Structures are given as C-alpha cells and as structure tokens.
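Trainee: A single structure is presented below for examination.
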Amino acid sequence: MNNQRHKRRESFSVLLISNSDQSSRQFDISLPLVRFFLCLLLVILIVAGLAAYGFISRRGMESQLRSQLTQQEKVVQQLTTEKENLEAEKTALIAENESLRSEAEQAVAAMAEKEAEPEEEEAEPEEDPTVPTRYPYSGASVLLSSYTEEQPWLSLSTYSGGTVTAAGNGTVAVISSDDTYHHIIEIEHESGYRTRYLSKADAEQSVEEGAQVQAGDTLLTIITDETQVDYQIIYQEEPVDPLSVIDAKG
C-alpha cells in the first residue's frame, strides 16, 4: 500500500434553524468560496471607503469653492460700488467742467465786449486860457537873448510877414511907444499875469486899447526884416522867465 496522505478539503458548515417549526438546514461552504466572499467584501469596503473619501473630498472642495465664490461675490460687489462711485465722480467732474467752461466763455465774451466798446478818453483837465502859455510869435525868428535878472525879457529877431500874437486870453490894457520901441502893447490876464510885447521897428498894429483878445490873436504884423521884438511876462507884479511859463504850460 502506498502511504499517500489525502488532502482534506476544508469547508465551513452553516446551520439554519427555523423558529417556527424547528426545522434546520445546513449549508456547506468551501474555503475558496469563503475566501472569495471575503475578498469581495474587502473590495466592497475599499470601494465604499474610496466613495466615502471622494464624497468627503467633494464636500470639502464644494465648501472651499462656495467660500471662494462668496469672496469673489464680495469683491464683485466692492468693485461694483467703486464703479458706481467713480461714475458719480465722473458725472460731478463733467458738470464742474461744463460750469468752468461756461464761466470761461462768459468771461471771454465779456472781455471781447469790453474790448469792442470804444474806450472813453480820460478828460484832460482844461487849461486856463488866461495863462499866457503860447509862444508870442508866429513865423521865422531867432532868439537873440534869454531872460536874465538884468534883462527880464526875451529878445527875438523877426522877419517880414511874421506876426506878434497874444499868448493868452485877456484885455489890451496899454498901447504906447517910447524912444526905444515903436510899439508897446500890454495885455492884462485874469489869471494874475500881464504880458508886454515890444517892437523896435514900425509894424502894422491890429488891436486897440481896451479890446478883448484870445490866445493866438494877431497884435502886430512885422513889415521889416530883422525887427527886434522883446517879450516880457509879469506875474503878481514880478517879472518871470517866459520860457518857464511856456515850457510848463504849453
């Protein structure tokens, strides 16, 4: 006899007993089948674990995404508010710009209107016509000598055709002559001045004593070349330099 050891097939028996009729039923389950069920159970547990992990991961991701979405919504809301504020500021700036432009246009128009208006000339103070400011001769002449204390008058050399004229408005007070002068004419001026016109040669006289004369009226017409004419101004009974009155006033 060969001493061969027979392998025993291991199995598991499951006995089911009914509660109602006390009947029983036995099932024999082989070890490979048990191993199969155990592997299957392990696979199911692994799959369930992976599913649970995936579910938990998704929930966490969803929660994170919701948090990010909430933050983004807040950012969007903040940006929207800032945009509205910027739009309001832009509108205010546009309105202010329009106002400034309108004011500038009005100012330019006012300046243009002002420039278009004829400028009113400042009224110059009227000169007193009774002050003897005019030069006492019209025509060509040569200044022979100026005013000095020893000779308180001007001496002119005149030519035929020129005229001796009144230096200011006044009244012919004196018409006379002497050994030196053929013609002596004195005019009284209301401003306190008195003027004297003296010609050493004969001339044509144009005024009479007591006549009213205006500045520039002809007193004498010279008829001889190189006729010496002296001119004197007296103010408040004191002689003054005629050129100072003519230069200051005329």
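In the structure tokens, chains take the letters A, B, ... in the order shown, each chain's residues start at 1, and ligands count up from 1 in the order shown.
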Step one, run DSSP on the backbone; step two, keep only residues of stretch 2-248 of chain A assigned to helix (DSSP H, G or I); then write them as a PyMOL selection string.
Mentor: chain A and resi 31-116+242-248
Trainee: What lies within 9 Å of stretch 197-201 of chain A using only C-alpha atoms, ignoring chain neighbours under 3 positions off, as a PyMOL selection string?
Mentor: chain A and resi 136+164-166+177+180-187+219-220+222-224+227-232
Trainee: Dump N, CA and C atoms for the selected residues as a PDB file, in the first residue's frame?
Mentor:
```pdb
ATOM      1  N   PRO A 136       4.840 183.857 -28.307  1.00  0.00           N
ATOM      2  CA  PRO A 136       4.264 185.148 -28.732  1.00  0.00           C
ATOM      3  C   PRO A 136       4.528 185.535 -30.185  1.00  0.00           C
ATOM      4  N   VAL A 164       3.169 189.093 -34.304  1.00  0.00           N
ATOM      5  CA  VAL A 164       3.224 189.011 -32.850  1.00  0.00           C
ATOM      6  C   VAL A 164       1.811 188.678 -32.379  1.00  0.00           C
ATOM      7  N   THR A 165       1.670 187.613 -31.583  1.00  0.00           N
ATOM      8  CA  THR A 165       0.333 187.136 -31.199  1.00  0.00           C
ATOM      9  C   THR A 165       0.162 187.130 -29.683  1.00  0.00           C
ATOM     10  N   ALA A 166      -1.102 187.200 -29.245  1.00  0.00           N
ATOM     11  CA  ALA A 166      -1.417 187.179 -27.820  1.00  0.00           C
ATOM     12  C   ALA A 166      -1.097 185.789 -27.257  1.00  0.00           C
ATOM     13  N   SER A 177       4.292 203.903 -26.900  1.00  0.00           N
ATOM     14  CA  SER A 177       5.612 203.843 -27.548  1.00  0.00           C
ATOM     15  C   SER A 177       6.558 204.732 -26.768  1.00  0.00           C
ATOM     16  N   THR A 180      12.730 203.940 -27.468  1.00  0.00           N
ATOM     17  CA  THR A 180      13.333 202.651 -27.842  1.00  0.00           C
ATOM     18  C   THR A 180      12.390 201.815 -28.688  1.00  0.00           C
ATOM     19  N   TYR A 181      11.138 201.805 -28.352  1.00  0.00           N
ATOM     20  CA  TYR A 181      10.179 200.909 -29.009  1.00  0.00           C
ATOM     21  C   TYR A 181       9.115 201.717 -29.751  1.00  0.00           C
ATOM     22  N   HIS A 182       8.878 201.294 -31.008  1.00  0.00           N
ATOM     23  CA  HIS A 182       7.805 201.914 -31.789  1.00  0.00           C
ATOM     24  C   HIS A 182       6.446 201.463 -31.282  1.00  0.00           C
ATOM     25  N   HIS A 183       6.370 200.225 -30.803  1.00  0.00           N
ATOM     26  CA  HIS A 183       5.089 199.691 -30.332  1.00  0.00           C
ATOM     27  C   HIS A 183       5.306 199.004 -28.982  1.00  0.00           C
ATOM     28  N   ILE A 184       4.454 199.365 -27.999  1.00  0.00           N
ATOM     29  CA  ILE A 184       4.425 198.700 -26.689  1.00  0.00           C
ATOM     30  C   ILE A 184       2.964 198.328 -26.427  1.00  0.00           C
ATOM     31  N   ILE A 185       2.701 197.052 -26.312  1.00  0.00           N
ATOM     32  CA  ILE A 185       1.328 196.584 -26.061  1.00  0.00           C
ATOM     33  C   ILE A 185       1.334 195.743 -24.787  1.00  0.00           C
ATOM     34  N   GLU A 186       0.474 196.096 -23.829  1.00  0.00           N
ATOM     35  CA  GLU A 186       0.345 195.344 -22.585  1.00  0.00           C
ATOM     36  C   GLU A 186      -1.053 194.725 -22.528  1.00  0.00           C
ATOM     37  N   ILE A 187      -1.083 193.458 -22.129  1.00  0.00           N
ATOM     38  CA  ILE A 187      -2.366 192.749 -22.004  1.00  0.00           C
ATOM     39  C   ILE A 187      -2.499 192.254 -20.564  1.00  0.00           C
ATOM     40  N   LEU A 219      -1.476 190.745 -32.824  1.00  0.00           N
ATOM     41  CA  LEU A 219      -1.333 192.076 -32.240  1.00  0.00           C
ATOM     42  C   LEU A 219      -0.579 193.000 -33.199  1.00  0.00           C
ATOM     43  N   LEU A 220       0.520 192.503 -33.779  1.00  0.00           N
ATOM     44  CA  LEU A 220       1.344 193.277 -34.713  1.00  0.00           C
ATOM     45  C   LEU A 220       1.750 192.388 -35.870  1.00  0.00           C
ATOM     46  N   ILE A 222       4.787 192.139 -38.624  1.00  0.00           N
ATOM     47  CA  ILE A 222       6.119 192.676 -38.889  1.00  0.00           C
ATOM     48  C   ILE A 222       6.248 192.982 -40.383  1.00  0.00           C
ATOM     49  N   ILE A 223       6.819 194.173 -40.663  1.00  0.00           N
ATOM     50  CA  ILE A 223       6.938 194.589 -42.070  1.00  0.00           C
ATOM     51  C   ILE A 223       8.395 194.790 -42.475  1.00  0.00           C
ATOM     52  N   THR A 224       9.328 194.632 -41.520  1.00  0.00           N
ATOM     53  CA  THR A 224      10.752 194.844 -41.807  1.00  0.00           C
ATOM     54  C   THR A 224      11.539 193.644 -41.273  1.00  0.00           C
ATOM     55  N   THR A 227      13.583 192.692 -37.439  1.00  0.00           N
ATOM     56  CA  THR A 227      12.968 193.568 -36.431  1.00  0.00           C
ATOM     57  C   THR A 227      13.076 192.897 -35.077  1.00  0.00           C
ATOM     58  N   GLN A 228      13.642 193.626 -34.072  1.00  0.00           N
ATOM     59  CA  GLN A 228      13.772 193.061 -32.738  1.00  0.00           C
ATOM     60  C   GLN A 228      12.447 193.231 -31.990  1.00  0.00           C
ATOM     61  N   VAL A 229      11.961 192.089 -31.455  1.00  0.00           N
ATOM     62  CA  VAL A 229      10.738 192.091 -30.645  1.00  0.00           C
ATOM     63  C   VAL A 229      11.101 191.514 -29.281  1.00  0.00           C
ATOM     64  N   ASP A 230      10.789 192.280 -28.224  1.00  0.00           N
ATOM     65  CA  ASP A 230      11.020 191.803 -26.859  1.00  0.00           C
ATOM     66  C   ASP A 230       9.689 191.372 -26.254  1.00  0.00           C
ATOM     67  N   TYR A 231       9.771 190.305 -25.427  1.00  0.00           N
ATOM     68  CA  TYR A 231       8.542 189.753 -24.830  1.00  0.00           C
ATOM     69  C   TYR A 231       8.789 189.555 -23.339  1.00  0.00           C
ATOM     70  N   GLN A 232       7.858 190.081 -22.533  1.00  0.00           N
ATOM     71  CA  GLN A 232       8.007 190.038 -21.079  1.00  0.00           C
ATOM     72  C   GLN A 232       6.719 189.527 -20.438  1.00  0.00           C
TER      73      GLN A 232
END
```
Trainee: One number please: atom CA of A:Ile246 to atom CA of A:Pro152, in Å, one decimal.
Mentor: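 Taking atom CA of A:Ile246 and atom CA of A:Pro152, their separation equals 15.2 Å.
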